[in-house]
file start-v3.cif (mmCIF, C-alpha atoms; chains and numbers go by the auth columns)
data_run
loop_
_atom_site.group_PDB
_atom_site.id
_atom_site.type_symbol
_atom_site.label_atom_id
_atom_site.label_comp_id
_atom_site.label_asym_id
_atom_site.label_seq_id
_atom_site.Cartn_x
_atom_site.Cartn_y
_atom_site.Cartn_z
_atom_site.B_iso_or_equiv
_atom_site.auth_seq_id
_atom_site.auth_asym_id
ATOM 1 C CA MET A 1 -41.858 -29.250 -6.869 0.00 22 A
ATOM 2 C CA ARG A 2 -38.618 -28.862 -4.913 0.00 23 A
ATOM 3 C CA PRO A 3 -36.826 -26.590 -7.448 0.00 24 A
ATOM 4 C CA ARG A 4 -39.932 -24.385 -7.761 0.00 25 A
ATOM 5 C CA PHE A 5 -40.149 -24.025 -3.959 0.00 26 A
ATOM 6 C CA LEU A 6 -36.482 -23.078 -3.707 0.00 27 A
ATOM 7 C CA LEU A 7 -36.886 -20.466 -6.443 0.00 28 A
ATOM 8 C CA ARG A 8 -39.875 -18.900 -4.698 0.00 29 A
ATOM 9 C CA SER A 9 -37.967 -18.805 -1.380 0.00 30 A
ATOM 10 C CA ALA A 10 -35.005 -17.151 -3.041 0.00 31 A
ATOM 11 C CA ILE A 11 -37.281 -14.427 -4.450 0.00 32 A
ATOM 12 C CA MET A 12 -39.131 -13.812 -1.186 0.00 33 A
ATOM 13 C CA LEU A 13 -36.034 -13.593 1.041 0.00 34 A
ATOM 14 C CA PRO A 14 -34.579 -10.393 -0.500 0.00 35 A
ATOM 15 C CA LEU A 15 -38.044 -8.795 -0.370 0.00 36 A
ATOM 16 C CA ALA A 16 -38.348 -9.630 3.316 0.00 37 A
ATOM 17 C CA LEU A 17 -34.890 -8.265 4.057 0.00 38 A
ATOM 18 C CA THR A 18 -35.667 -5.062 2.145 0.00 39 A
ATOM 19 C CA ALA A 19 -38.898 -4.553 4.071 0.00 40 A
ATOM 20 C CA SER A 20 -37.245 -5.133 7.448 0.00 41 A
ATOM 21 C CA GLY A 21 -34.384 -2.806 6.516 0.00 42 A
ATOM 22 C CA ALA A 22 -36.817 -0.059 5.556 0.00 43 A
ATOM 23 C CA ALA A 23 -38.654 -0.483 8.852 0.00 44 A
ATOM 24 C CA ALA A 24 -35.385 -0.235 10.780 0.00 45 A
ATOM 25 C CA GLN A 25 -34.424 2.946 8.936 0.00 46 A
ATOM 26 C CA SER A 26 -37.799 4.562 9.618 0.00 47 A
ATOM 27 C CA THR A 27 -37.525 3.913 13.377 0.00 48 A
ATOM 28 C CA PRO A 28 -34.828 5.959 15.111 0.00 49 A
ATOM 29 C CA PRO A 29 -32.754 4.149 17.747 0.00 50 A
ATOM 30 C CA PRO A 30 -34.247 4.559 21.243 0.00 51 A
ATOM 31 C CA SER A 31 -31.101 6.291 22.469 0.00 52 A
ATOM 32 C CA CYS A 32 -31.701 9.118 20.020 0.00 53 A
ATOM 33 C CA ARG A 33 -34.953 9.981 21.773 0.00 54 A
ATOM 34 C CA ASP A 34 -33.741 9.664 25.361 0.00 55 A
ATOM 35 C CA ASP A 35 -32.933 12.791 27.339 0.00 56 A
ATOM 36 C CA ALA A 36 -29.325 12.998 28.526 0.00 57 A
ATOM 37 C CA MET A 37 -27.614 14.681 31.460 0.00 58 A
ATOM 38 C CA ILE A 38 -23.965 15.692 31.428 0.00 59 A
ATOM 39 C CA VAL A 39 -22.373 15.452 34.889 0.00 60 A
ATOM 40 C CA PHE A 40 -19.393 17.784 34.726 0.00 61 A
ATOM 41 C CA ASP A 41 -16.396 17.563 37.066 0.00 62 A
ATOM 42 C CA ALA A 42 -15.401 21.081 38.135 0.00 63 A
ATOM 43 C CA SER A 43 -13.415 19.977 41.187 0.00 64 A
ATOM 44 C CA GLY A 44 -10.053 21.441 42.096 0.00 65 A
ATOM 45 C CA SER A 45 -8.007 18.964 40.057 0.00 66 A
ATOM 46 C CA MET A 46 -9.578 20.294 36.853 0.00 67 A
ATOM 47 C CA SER A 47 -7.532 23.455 37.283 0.00 68 A
ATOM 48 C CA GLY A 48 -4.333 21.476 36.697 0.00 69 A
ATOM 49 C CA THR A 49 -2.366 22.099 33.508 0.00 70 A
ATOM 50 C CA ASP A 50 -0.504 18.747 33.303 0.00 71 A
ATOM 51 C CA PHE A 51 2.630 20.830 32.655 0.00 72 A
ATOM 52 C CA ASN A 52 1.617 21.403 29.028 0.00 73 A
ATOM 53 C CA THR A 53 2.803 24.336 26.917 0.00 74 A
ATOM 54 C CA PRO A 54 1.164 26.750 26.746 0.00 75 A
ATOM 55 C CA PRO A 55 -0.330 25.953 30.163 0.00 76 A
ATOM 56 C CA THR A 56 -3.988 25.085 29.595 0.00 77 A
ATOM 57 C CA PRO A 57 -6.169 23.956 32.516 0.00 78 A
ATOM 58 C CA ARG A 58 -7.886 20.612 32.132 0.00 79 A
ATOM 59 C CA ILE A 59 -11.280 22.273 32.443 0.00 80 A
ATOM 60 C CA ASP A 60 -10.557 24.408 29.376 0.00 81 A
ATOM 61 C CA LYS A 61 -9.582 21.364 27.322 0.00 82 A
ATOM 62 C CA VAL A 62 -12.816 19.633 28.270 0.00 83 A
ATOM 63 C CA ARG A 63 -14.829 22.759 27.490 0.00 84 A
ATOM 64 C CA GLN A 64 -13.157 23.011 24.083 0.00 85 A
ATOM 65 C CA ALA A 65 -14.027 19.384 23.283 0.00 86 A
ATOM 66 C CA LEU A 66 -17.646 19.899 24.305 0.00 87 A
ATOM 67 C CA GLY A 67 -17.797 23.014 22.166 0.00 88 A
ATOM 68 C CA LYS A 68 -16.883 20.914 19.129 0.00 89 A
ATOM 69 C CA VAL A 69 -19.506 18.193 19.581 0.00 90 A
ATOM 70 C CA LEU A 70 -22.469 19.753 21.397 0.00 91 A
ATOM 71 C CA PRO A 71 -24.001 21.745 18.512 0.00 92 A
ATOM 72 C CA GLN A 72 -24.606 18.609 16.458 0.00 93 A
ATOM 73 C CA ILE A 73 -25.675 16.445 19.400 0.00 94 A
ATOM 74 C CA ALA A 74 -28.008 19.072 20.880 0.00 95 A
ATOM 75 C CA ALA A 75 -29.849 19.212 17.573 0.00 96 A
ATOM 76 C CA MET A 76 -30.814 15.544 18.016 0.00 97 A
ATOM 77 C CA ARG A 77 -31.633 15.148 21.693 0.00 98 A
ATOM 78 C CA ASN A 78 -32.484 17.067 24.851 0.00 99 A
ATOM 79 C CA LEU A 79 -29.391 17.755 26.964 0.00 100 A
ATOM 80 C CA GLY A 80 -29.038 18.966 30.534 0.00 101 A
ATOM 81 C CA LEU A 81 -26.108 19.805 32.807 0.00 102 A
ATOM 82 C CA ILE A 82 -25.086 19.200 36.426 0.00 103 A
ATOM 83 C CA ASP A 83 -21.746 20.225 37.867 0.00 104 A
ATOM 84 C CA TYR A 84 -19.895 19.464 41.084 0.00 105 A
ATOM 85 C CA GLY A 85 -16.842 21.029 42.642 0.00 106 A
ATOM 86 C CA PRO A 86 -17.065 24.827 42.697 0.00 107 A
ATOM 87 C CA GLY A 87 -17.236 26.181 46.214 0.00 108 A
ATOM 88 C CA PRO A 88 -15.365 25.654 49.497 0.00 109 A
ATOM 89 C CA SER A 89 -12.780 22.904 49.196 0.00 110 A
ATOM 90 C CA ASN A 90 -13.907 21.026 52.293 0.00 111 A
ATOM 91 C CA ARG A 91 -17.574 20.620 51.351 0.00 112 A
ATOM 92 C CA CYS A 92 -19.348 17.729 49.638 0.00 113 A
ATOM 93 C CA ASP A 93 -22.677 19.375 48.856 0.00 114 A
ATOM 94 C CA ASN A 94 -21.223 21.430 46.011 0.00 115 A
ATOM 95 C CA ILE A 95 -23.560 20.011 43.349 0.00 116 A
ATOM 96 C CA GLU A 96 -25.605 22.308 41.133 0.00 117 A
ATOM 97 C CA LEU A 97 -28.252 21.657 38.511 0.00 118 A
ATOM 98 C CA LEU A 98 -27.343 24.166 35.809 0.00 119 A
ATOM 99 C CA LEU A 99 -29.829 23.103 33.132 0.00 120 A
ATOM 100 C CA GLN A 100 -32.771 20.747 32.898 0.00 121 A
ATOM 101 C CA PRO A 101 -32.805 18.605 29.719 0.00 122 A
ATOM 102 C CA ALA A 102 -33.825 20.940 26.923 0.00 123 A
ATOM 103 C CA PRO A 103 -33.791 20.980 23.114 0.00 124 A
ATOM 104 C CA ARG A 104 -30.978 22.737 21.252 0.00 125 A
ATOM 105 C CA SER A 105 -29.217 23.541 24.502 0.00 126 A
ATOM 106 C CA ALA A 106 -25.606 23.695 23.266 0.00 127 A
ATOM 107 C CA ASP A 107 -25.228 27.452 23.691 0.00 128 A
ATOM 108 C CA ARG A 108 -26.769 27.420 27.170 0.00 129 A
ATOM 109 C CA ILE A 109 -24.552 24.558 28.291 0.00 130 A
ATOM 110 C CA MET A 110 -21.410 26.225 26.986 0.00 131 A
ATOM 111 C CA ALA A 111 -22.369 29.516 28.633 0.00 132 A
ATOM 112 C CA ALA A 112 -22.848 27.760 31.976 0.00 133 A
ATOM 113 C CA LEU A 113 -19.547 25.895 31.662 0.00 134 A
ATOM 114 C CA GLY A 114 -17.743 29.119 30.855 0.00 135 A
ATOM 115 C CA LYS A 115 -18.632 30.518 34.286 0.00 136 A
ATOM 116 C CA LEU A 116 -17.241 27.600 36.296 0.00 137 A
ATOM 117 C CA ASN A 117 -14.080 28.005 38.347 0.00 138 A
ATOM 118 C CA PRO A 118 -12.781 24.564 39.390 0.00 139 A
ATOM 119 C CA ALA A 119 -12.426 24.057 43.132 0.00 140 A
ATOM 120 C CA GLY A 120 -13.575 21.735 45.870 0.00 141 A
ATOM 121 C CA ARG A 121 -14.073 18.017 46.186 0.00 142 A
ATOM 122 C CA THR A 122 -15.626 15.238 44.066 0.00 143 A
ATOM 123 C CA PRO A 123 -19.108 14.079 45.152 0.00 144 A
ATOM 124 C CA LEU A 124 -19.639 12.272 41.864 0.00 145 A
ATOM 125 C CA THR A 125 -21.880 9.555 43.326 0.00 146 A
ATOM 126 C CA ALA A 126 -24.444 12.037 44.585 0.00 147 A
ATOM 127 C CA ALA A 127 -24.176 14.057 41.358 0.00 148 A
ATOM 128 C CA VAL A 128 -24.939 11.035 39.175 0.00 149 A
ATOM 129 C CA ARG A 129 -27.835 10.087 41.440 0.00 150 A
ATOM 130 C CA GLU A 130 -29.197 13.636 41.115 0.00 151 A
ATOM 131 C CA ALA A 131 -28.862 13.421 37.329 0.00 152 A
ATOM 132 C CA ALA A 132 -31.004 10.272 37.345 0.00 153 A
ATOM 133 C CA ARG A 133 -33.632 12.108 39.397 0.00 154 A
ATOM 134 C CA VAL A 134 -33.655 15.058 36.992 0.00 155 A
ATOM 135 C CA LEU A 135 -34.152 12.602 34.119 0.00 156 A
ATOM 136 C CA ARG A 136 -37.244 11.316 35.982 0.00 157 A
ATOM 137 C CA PHE A 137 -35.844 7.801 36.148 0.00 158 A
ATOM 138 C CA PRO A 138 -37.319 5.178 36.290 0.00 159 A
ATOM 139 C CA GLU A 139 -40.493 6.793 34.930 0.00 160 A
ATOM 140 C CA LYS A 140 -38.608 7.781 31.767 0.00 161 A
ATOM 141 C CA PRO A 141 -35.511 6.344 30.086 0.00 162 A
ATOM 142 C CA GLY A 142 -32.382 8.449 30.163 0.00 163 A
ATOM 143 C CA VAL A 143 -28.638 8.666 29.668 0.00 164 A
ATOM 144 C CA VAL A 144 -26.052 10.063 32.086 0.00 165 A
ATOM 145 C CA VAL A 145 -22.563 10.959 30.887 0.00 166 A
ATOM 146 C CA LEU A 146 -20.067 11.612 33.677 0.00 167 A
ATOM 147 C CA LEU A 147 -17.009 13.625 32.681 0.00 168 A
ATOM 148 C CA THR A 148 -14.388 13.306 35.418 0.00 169 A
ATOM 149 C CA ASP A 149 -10.663 13.410 36.025 0.00 170 A
ATOM 150 C CA GLY A 150 -10.848 11.772 39.449 0.00 171 A
ATOM 151 C CA GLU A 151 -12.632 9.392 41.762 0.00 172 A
ATOM 152 C CA GLU A 152 -15.194 9.928 44.517 0.00 173 A
ATOM 153 C CA THR A 153 -13.767 11.900 47.465 0.00 174 A
ATOM 154 C CA CYS A 154 -16.900 12.484 49.527 0.00 175 A
ATOM 155 C CA GLY A 155 -17.589 9.014 50.880 0.00 176 A
ATOM 156 C CA GLY A 156 -20.100 7.985 48.245 0.00 177 A
ATOM 157 C CA ASP A 157 -20.206 4.451 46.876 0.00 178 A
ATOM 158 C CA PRO A 158 -20.721 4.665 43.101 0.00 179 A
ATOM 159 C CA CYS A 159 -20.923 0.891 42.735 0.00 180 A
ATOM 160 C CA ALA A 160 -23.699 0.481 45.302 0.00 181 A
ATOM 161 C CA MET A 161 -25.525 3.511 43.938 0.00 182 A
ATOM 162 C CA ALA A 162 -25.488 2.164 40.380 0.00 183 A
ATOM 163 C CA LYS A 163 -26.711 -1.250 41.515 0.00 184 A
ATOM 164 C CA ALA A 164 -29.548 0.417 43.437 0.00 185 A
ATOM 165 C CA LEU A 165 -30.540 2.396 40.361 0.00 186 A
ATOM 166 C CA ARG A 166 -30.456 -0.759 38.261 0.00 187 A
ATOM 167 C CA ALA A 167 -32.778 -2.446 40.747 0.00 188 A
ATOM 168 C CA GLU A 168 -35.299 0.345 40.146 0.00 189 A
ATOM 169 C CA GLY A 169 -35.299 -0.107 36.375 0.00 190 A
ATOM 170 C CA ASP A 170 -33.228 -0.981 33.328 0.00 191 A
ATOM 171 C CA ASN A 171 -33.908 2.180 31.327 0.00 192 A
ATOM 172 C CA LEU A 172 -31.003 4.279 32.616 0.00 193 A
ATOM 173 C CA THR A 173 -27.557 4.101 31.024 0.00 194 A
ATOM 174 C CA ILE A 174 -24.527 5.615 32.733 0.00 195 A
ATOM 175 C CA HIS A 175 -21.411 6.354 30.674 0.00 196 A
ATOM 176 C CA VAL A 176 -18.155 7.486 32.268 0.00 197 A
ATOM 177 C CA ILE A 177 -15.418 9.386 30.447 0.00 198 A
ATOM 178 C CA GLY A 178 -12.253 9.286 32.548 0.00 199 A
ATOM 179 C CA TYR A 179 -9.971 12.146 31.546 0.00 200 A
ATOM 180 C CA ARG A 180 -6.299 11.445 32.264 0.00 201 A
ATOM 181 C CA MET A 181 -7.134 8.906 34.982 0.00 202 A
ATOM 182 C CA ARG A 182 -4.714 6.142 34.055 0.00 203 A
ATOM 183 C CA GLU A 183 -2.590 6.848 37.101 0.00 204 A
ATOM 184 C CA LEU A 184 -5.633 6.087 39.286 0.00 205 A
ATOM 185 C CA ALA A 185 -6.344 2.724 37.671 0.00 206 A
ATOM 186 C CA THR A 186 -5.430 -0.664 39.076 0.00 207 A
ATOM 187 C CA THR A 187 -2.883 -2.852 37.327 0.00 208 A
ATOM 188 C CA ASN A 188 -5.617 -4.223 35.044 0.00 209 A
ATOM 189 C CA GLY A 189 -6.793 -0.726 34.097 0.00 210 A
ATOM 190 C CA TYR A 190 -9.883 -0.662 36.322 0.00 211 A
ATOM 191 C CA VAL A 191 -11.109 2.468 38.097 0.00 212 A
ATOM 192 C CA GLN A 192 -13.873 2.510 40.685 0.00 213 A
ATOM 193 C CA SER A 193 -16.253 4.747 38.753 0.00 214 A
ATOM 194 C CA ARG A 194 -16.286 2.204 35.922 0.00 215 A
ATOM 195 C CA CYS A 195 -18.556 -0.013 37.998 0.00 216 A
ATOM 196 C CA MET A 196 -21.409 2.383 37.232 0.00 217 A
ATOM 197 C CA THR A 197 -21.108 1.547 33.551 0.00 218 A
ATOM 198 C CA ASP A 198 -20.848 -2.172 34.282 0.00 219 A
ATOM 199 C CA SER A 199 -24.127 -2.075 36.218 0.00 220 A
ATOM 200 C CA THR A 200 -26.095 -0.091 33.655 0.00 221 A
ATOM 201 C CA GLY A 201 -24.732 -1.299 30.317 0.00 222 A
ATOM 202 C CA GLY A 202 -22.825 1.903 29.603 0.00 223 A
ATOM 203 C CA LEU A 203 -19.336 2.666 28.372 0.00 224 A
ATOM 204 C CA TYR A 204 -16.230 3.517 30.339 0.00 225 A
ATOM 205 C CA ILE A 205 -13.804 5.350 28.062 0.00 226 A
ATOM 206 C CA SER A 206 -10.358 6.373 29.225 0.00 227 A
ATOM 207 C CA VAL A 207 -9.007 9.391 27.348 0.00 228 A
ATOM 208 C CA GLU A 208 -5.648 11.158 27.437 0.00 229 A
ATOM 209 C CA THR A 209 -5.911 13.690 24.609 0.00 230 A
ATOM 210 C CA SER A 210 -8.402 16.274 23.389 0.00 231 A
ATOM 211 C CA GLU A 211 -8.988 14.241 20.218 0.00 232 A
ATOM 212 C CA GLN A 212 -9.855 11.138 22.222 0.00 233 A
ATOM 213 C CA LEU A 213 -12.158 13.229 24.393 0.00 234 A
ATOM 214 C CA VAL A 214 -14.088 14.433 21.332 0.00 235 A
ATOM 215 C CA GLU A 215 -14.441 10.835 20.116 0.00 236 A
ATOM 216 C CA ALA A 216 -15.650 9.691 23.537 0.00 237 A
ATOM 217 C CA LEU A 217 -18.283 12.420 23.677 0.00 238 A
ATOM 218 C CA GLN A 218 -19.528 11.455 20.233 0.00 239 A
ATOM 219 C CA LYS A 219 -19.789 7.795 21.253 0.00 240 A
ATOM 220 C CA THR A 220 -21.633 8.431 24.516 0.00 241 A
ATOM 221 C CA LEU A 221 -23.854 11.356 23.593 0.00 242 A
ATOM 222 C CA GLY A 222 -24.166 10.890 19.851 0.00 243 A
ATOM 223 C CA CYS A 223 -26.817 8.996 17.951 0.00 244 A
ATOM 224 C CA PRO A 224 -26.702 6.055 18.400 0.00 245 A
ATOM 225 C CA ALA A 225 -25.040 6.340 21.802 0.00 246 A
ATOM 226 C CA VAL A 226 -22.960 3.197 21.516 0.00 247 A
ATOM 227 C CA SER A 227 -21.612 3.550 17.972 0.00 248 A
ATOM 228 C CA ASP A 228 -19.019 0.857 17.251 0.00 249 A
ATOM 229 C CA ALA A 229 -17.920 0.467 20.870 0.00 250 A
ATOM 230 C CA SER A 230 -18.977 -2.264 23.233 0.00 251 A
ATOM 231 C CA PRO A 231 -19.902 -2.082 26.945 0.00 252 A
ATOM 232 C CA GLY A 232 -16.780 -1.743 29.021 0.00 253 A
ATOM 233 C CA HIS A 233 -14.768 -0.264 26.149 0.00 254 A
ATOM 234 C CA THR A 234 -11.737 1.497 27.570 0.00 255 A
ATOM 235 C CA GLY A 235 -10.716 3.635 24.643 0.00 256 A
ATOM 236 C CA ARG A 236 -7.123 3.954 23.522 0.00 257 A
#

call {"tool": "encode", "arguments": {"input": "start-v3.cif", "output": "structure tokens"}}
result
Amino acid sequence: MRPRFLLRSAIMLPLALTASGAAAQSTPPPSCRDDAMIVFDASGSMSGTDFNTPPTPRIDKVRQALGKVLPQIAAMRNLGLIDYGPGPSNRCDNIELLLQPAPRSADRIMAALGKLNPAGRTPLTAAVREAARVLRFPEKPGVVVLLTDGEETCGGDPCAMAKALRAEGDNLTIHVIGYRMRELATTNGYVQSRCMTDSTGGLYISVETSEQLVEALQKTLGCPAVSDASPGHTGR
């Protein structure tokens, strides 16, 4: 009886694996269905050119990267946009909801980004909190992707804010893409805004080049959102 039992088990196991694989393929990953908000840094530092030749402002490099990835991503999920920065340099209420999450919104997002002139300070904590509200968290799951080249400058506490959001629910993921922020990191490579990803299971990705920025956008906004990276991934 033992050999016959083993033979039957060997036949049934591949069938079971095939059935489970088919079920997995027919069910899209949850992240593909979740609405996402892009929180875009348009503060004064984004006008810097980093002494490159020809001189290209940081904001233009980020816009170019988004232009490469948004058409494909916007075809798969609803995307919205919040910016902070434009306006008087000494104010911290310079946060604007430019687009609610909407289907196939790539063209609208790019049009809105094209009108931004970087200036002002960096109220990123309040901007991320507002993005969570727009996503109707915790009633609905959502993803926030913060694109920034600097840290909070308006007195907000991103770590406390992220922990408070986590206490409300576990269906919000915050990713942070730090563009040319290595000089702001501690000796072990940590930046303050990364704590938002630590609290919500997101990714912190440090990028220095346009190519790395495109890859980071694909990992955080693409489908699935976490690709081959792991929480806390710091990029290259």

call {"tool": "resolve_selection", "arguments": {"input": "start-v3.cif", "expression": "the PyMOL selection byres ((chain A and resi 123) around 12)", "output": "ChimeraX atom specification"}}
result
/A:55-58,94-102,119-122,124-130,155-156

call {"tool": "atom_distance", "arguments": {"input": "start-v3.cif", "atom1": "atom CA of A:Leu145", "atom2": "atom CA of A:Leu224"}}
result
16.6 Å

call {"tool": "atom_distance", "arguments": {"input": "start-v3.cif", "atom1": "atom CA of A:Glu189", "atom2": "atom CA of A:Cys216"}}
result
16.9 Å

call {"tool": "atom_distance", "arguments": {"input": "start-v3.cif", "atom1": "atom CA of A:Asp219", "atom2": "atom CA of A:Gly177"}}
result
17.3 Å

call {"tool": "residues_around", "arguments": {"input": "start-v3.cif", "residues": "A:Arg112", "least_positions_apart": "3", "cutoff": "9 Å", "atoms": "all atoms listed in the file", "output": "PyMOL selection string"}}
result
chain A and resi 106+108-109+115+141-142+175

call {"tool": "closest_residue", "arguments": {"input": "start-v3.cif", "among": "A:Gly88, A:Thr77, A:Glu229, A:Ser64", "to": "A:Arg201", "atoms": "all atoms listed in the file"}}
result
A:Glu229

call {"tool": "closest_residue", "arguments": {"input": "start-v3.cif", "among": "A:Gly176, A:Gly171, A:Pro162, A:Gly135", "to": "A:Ala147", "atoms": "all atoms listed in the file"}}
result
A:Gly176

call {"tool": "resolve_selection", "arguments": {"input": "start-v3.cif", "expression": "the PyMOL selection byres ((chain A and resi 238) around 12)", "output": "NGL selection string"}}
result
:A and (59 or 83-91 or 93-94 or 165-168 or 196-200 or 224-228 or 231-237 or 239-248 or 256)

call {"tool": "closest_residue", "arguments": {"input": "start-v3.cif", "among": "A:Asp104, A:Thr169, A:Asp178, A:Glu160", "to": "A:Met67", "atoms": "only C-alpha atoms"}}
result
A:Thr169

call {"tool": "residues_near_point", "arguments": {"input": "start-v3.cif", "point": "(-23.0, 16.1, 44.7)", "cutoff": "8 Å", "atoms": "only C-alpha atoms", "output": "list of chain:residue names"}}
result
A:Tyr105, A:Cys113, A:Asp114, A:Asn115, A:Ile116, A:Glu117, A:Thr143, A:Pro144, A:Leu145, A:Thr146, A:Ala147, A:Ala148, A:Val149, A:Glu151

call {"tool": "write_last_selection", "arguments": {"input": "start-v3.cif", "atoms": "C-alpha atoms", "output": "short mmCIF file (atom, residue, chain, number, x, y, z; two decimals), in the coordinates of the input"}}
result
data_model
loop_
_atom_site.label_atom_id
_atom_site.label_comp_id
_atom_site.auth_asym_id
_atom_site.auth_seq_id
_atom_site.Cartn_x
_atom_site.Cartn_y
_atom_site.Cartn_z
CA TYR A 105 -19.90 19.46 41.08
CA CYS A 113 -19.35 17.73 49.64
CA ASP A 114 -22.68 19.38 48.86
CA ASN A 115 -21.22 21.43 46.01
CA ILE A 116 -23.56 20.01 43.35
CA GLU A 117 -25.60 22.31 41.13
CA THR A 143 -15.63 15.24 44.07
CA PRO A 144 -19.11 14.08 45.15
CA LEU A 145 -19.64 12.27 41.86
CA THR A 146 -21.88 9.56 43.33
CA ALA A 147 -24.44 12.04 44.58
CA ALA A 148 -24.18 14.06 41.36
CA VAL A 149 -24.94 11.04 39.17
CA GLU A 151 -29.20 13.64 41.12
#

call {"tool": "axis_aligned_box", "arguments": {"input": "start-v3.cif", "around": "stretch 56-68 of chain A", "padding_each_side": "4 Å", "output": "JSON"}}
result
{"center_x": -20.2, "center_y": 18.1, "center_z": 34.7, "size_x": 33.4, "size_y": 18.7, "size_z": 22.8}

call {"tool": "closest_residue", "arguments": {"input": "start-v3.cif", "among": "A:Ser68, A:Ser110, A:Thr174, A:Thr221", "to": "A:Leu193", "atoms": "all atoms listed in the file"}}
result
A:Thr221

call {"tool": "closest_residue", "arguments": {"input": "start-v3.cif", "among": "A:Val164, A:Met202, A:Pro179, A:Glu173", "to": "A:Gly223", "atoms": "only C-alpha atoms"}}
result
A:Val164

call {"tool": "closest_residue", "arguments": {"input": "start-v3.cif", "among": "A:Lys184, A:Gly190, A:Ala140, A:Ala132", "to": "A:Arg157", "atoms": "all atoms listed in the file"}}
result
A:Gly190
